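Undergrad: I am attaching a structure below and will ask some questions about it afterwards.
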Amino acid sequence: MILGLSLPTFTLLHVLLSLVGIAAGLIVMGRLLRNRVLGFSNMIFLAATILTSVTGFLFPQKSAAFTPGQILGVISLVVLAIALLALYVGNLIGAWRWVYVVTAVVALYLNVFVAVVQSFVKVGRLRMLAPTQTEPPFVITQAAVLLFFLIVAVIALRRFRPPTL
């Protein structure tokens with residue numbers, strides 16, 4: 001039991017939080033690219049992504065060693081803390097604008113990166129294509145995801161100019 005939930009139920013909650021974070025994050029990225037107000041989807045993106053990282057630490061461990069997933073969780077939480085600082089303390093003014101854009105894109109990228117890894121672990125046909133996650137289909141997929149987010153970041157940095165007070 002984790003937080004009073006069975007392991008399968010907790011896993012489902014964790015996955016749903018992740019998917020909500022990804023979906024809301026994609027909406028936010030669209031808003032950044034079109035220079036629109038971030039809106040409620042931004043709060044959902046940040047909250048769901050934070051909760052995804054936090055719940056990832058609650059899964060049972062086979063050893064006391066830090067896992068790659070936990071390392072990504074720590075990185076994600078640090079990136080998200082900086083994003084929150086840029087948004088709520090810096091108000092996206094001056095350098096805080098680009099800090100927010102970069103951290104938001106990185107946080108979404110990390111969530112999608114883990115989703116791709118989990119897809120290749122859990123989905124039978126994908127697992128057959130890359131059983132050790134070192135095979136070309138996995139590497140090409142992750143490279144394409146990284147390239148996509150790099151392009152989004154560059155375009156968003158150029159286009160997103162929130163109004164200042």
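Numbering starts fresh at 1 for the residues of each chain in the structure tokens, the chains themselves are lettered A, B, ... in the order given, and ligands are numbered from 1 as they appear.
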Residues at most 10 Å from segment 19-32 of chain A, counting only C-alpha atoms, excluding those fewer than 5 positions away in the same chain, as a PyMOL selection string?
TA: chain A and resi 13-14+37-52+101+104-105+107-112+115+149+152-153+155-162
Undergrad: If you run DSSP on this backbone, which residues of chain A come out as helix (DSSP H, G or I), and could you give them as a PyMOL selection string?
TA: chain A and resi 7-33+39-56+68-89+95-122+124-129+136-159
Undergrad: Nearest to Thr134 of chain A: which of A:Ala83, A:Val102, A:Leu77, A:Val117 is it, counting only C-alpha atoms?
TA: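 For Thr134 of chain A, the nearest of the candidates is A:Val117.
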Undergrad: Could you check which of A:Val99, A:Leu150, A:Met128, A:Val15 is closest to Ser53 of chain A, using only C-alpha atoms?
TA: A:Val15
Undergrad: Report, in Å with one decimal, the straight-line distance from atom CA of Pro68 of chain A to atom CA of Leu87 of chain A.
TA: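 Interatomic distance, atom CA of Pro68 of chain A to atom CA of Leu87 of chain A: 28.3 Å.
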Undergrad: Can you work out the spacing between atom CA of Leu92 of chain A and atom CA of Pro163 of chain A in Å, to one decimal?
TA: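 Atom-to-atom, atom CA of Leu92 of chain A to atom CA of Pro163 of chain A, that is 8.9 Å.
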Undergrad: A:Phe120, A:Phe57, A:Tyr100, A:Phe138: which is nearest Leu80 of chain A, counting only C-alpha atoms?
TA: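 Result for the nearest residue to Leu80 of chain A: A:Tyr100.
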